[in-house]
Amino acid sequence: MTSPGETPTRPCIRGCMVPDAHFSKCPSFGQSKDTSCKGCVPSAAREGVLVCERCYRSIRRLIDDAPDVIAHLRSIADPTKARVYDRVMVQSSKPEYPAPVDANVLDASNDIAVTLRNWADRVASPDDDVFDRHLQAGIDAAAAHDDIRACADVILDGLDAIANDKRQVLALADALLTRSTTTHPDFWTVADVASRWPIDDAPRWAEAPCPACDLMTVRVMPSRRRGGRTRYVCRECEWEADDLDDGGLWAIAFAESVPAVPA
Ligand SMILES: [Zn+2]
Ligand SMILES: [Zn+2]
Ligand SMILES: [Zn+2]
């Protein structure tokens, strides 16, 4: 942990800054709100890897979410309900034709599959050349999910090694986290897709304060996969837990409606 105004000896190699922390020479130093600088003190790298805690967790989460994200896209693109009109959305005048699929959905699901398959191949056989393995046309949601889940598990196993390799971790973070500024990116990252086609089970604000900073800033993020873990993440400090941590304590603390506790 770095105290505000101090440069960490190992900053995050993605160049992250601690939100709202400033050096004393910064015009925003000592200002409380609405400052022009969002933070100028570099974030420290997480123990044992080259990126900060926030980057590391985001990378891990997006890998873990990728199977559900791709299944969601494939269900939107269900070939039994839809037709693709090459890059152009054309409303058919013939009522027996199902609605066309937005070509973005197909591009996005292919990009995610290529990303996850590429990285799984790199982890599994580091000495071999990696070739783009595209998503099979018309693959259904369940098959796409299982395929990408297997890739995600391989990558998660190798994540600490990747996160210790400058070139690799920057490339992986770019493929997952980087947000395109357009609504039709040339390449869809997992973060682009998750934002464009959000999955149900939306996160909500917890009704109890963060155990670390005591603010009402904990997001409850239900798992997007059946039987998966619900995560609790404070937006103000770095506290994070899931519903199995500490004997399931947080699942109770952040349950939808907290029962009144007798004084
Ligand atoms: Zn600053
Ligand atoms: Zn970072
Ligand atoms: Zn907190």
# chains A, B, ... in the order shown; residues from 1 in each chain; ligands from 1

$ residues_near_ligand --ligand "ligand 3" --cutoff "12 Å" --atoms "only C-alpha atoms and all ligand atoms" --output "ChimeraX atom specification"
/A:206,208-219,232-241

$ residues_around --residues "A:Leu244" --least-positions-apart "6" --cutoff "10 Å" --atoms "only C-alpha atoms" --output "PyMOL selection string"
chain A and resi 229-231+250-251

$ closest_atom_pairs --of "chain A" --to "ligand 2" --cutoff "7 Å" --atoms "only C-alpha atoms and all ligand atoms" --output "CSV"
residue,atom,partner,partner_atom_place_in_ligand_line,distance
A:Cys12,CA,ligand 2,1 (Zn),4.8
A:Ile13,CA,ligand 2,1 (Zn),6.8
A:Arg14,CA,ligand 2,1 (Zn),5.2
A:Gly15,CA,ligand 2,1 (Zn),6.2
A:Cys16,CA,ligand 2,1 (Zn),4.4
A:Ser43,CA,ligand 2,1 (Zn),6.5
A:Val51,CA,ligand 2,1 (Zn),5.0
A:Cys52,CA,ligand 2,1 (Zn),4.1
A:Glu53,CA,ligand 2,1 (Zn),6.7
A:Arg54,CA,ligand 2,1 (Zn),5.8
A:Cys55,CA,ligand 2,1 (Zn),4.3

$ residues_around --residues "A:Leu116" --least-positions-apart "2" --cutoff "9 Å" --atoms "only C-alpha atoms" --output "PyMOL selection string"
chain A and resi 63+66+111-114+118-121+148+151-152+155

$ residues_around --residues "stretch 18-27 of chain A" --least-positions-apart "4" --cutoff "8 Å" --atoms "only C-alpha atoms" --output "list in words"
Pro4, Gly5, Glu6, Cys37, Lys38, Gly39, Cys40, Val41, Pro42 and Ser43 of chain A

$ write_last_selection --atoms "C-alpha atoms" --output "tab-separated table (two decimals), in the first residue's frame"
chain	number	residue	atom	x	y	z
A	4	PRO	CA	-0.85	9.42	-1.03
A	5	GLY	CA	1.73	11.60	-2.71
A	6	GLU	CA	4.41	8.95	-2.86
A	37	CYS	CA	-6.87	16.05	-12.25
A	38	LYS	CA	-8.39	12.63	-11.59
A	39	GLY	CA	-5.23	11.50	-9.80
A	40	CYS	CA	-1.53	11.85	-10.55
A	41	VAL	CA	0.04	9.37	-8.14
A	42	PRO	CA	0.83	6.05	-9.86
A	43	SER	CA	-0.87	2.92	-8.53

$ select_by_dssp --residues "stretch 13-259 of chain A" --states "strand (DSSP E)" --output "PyMOL selection string"
chain A and resi 204-205+218-221+231-234+240-242
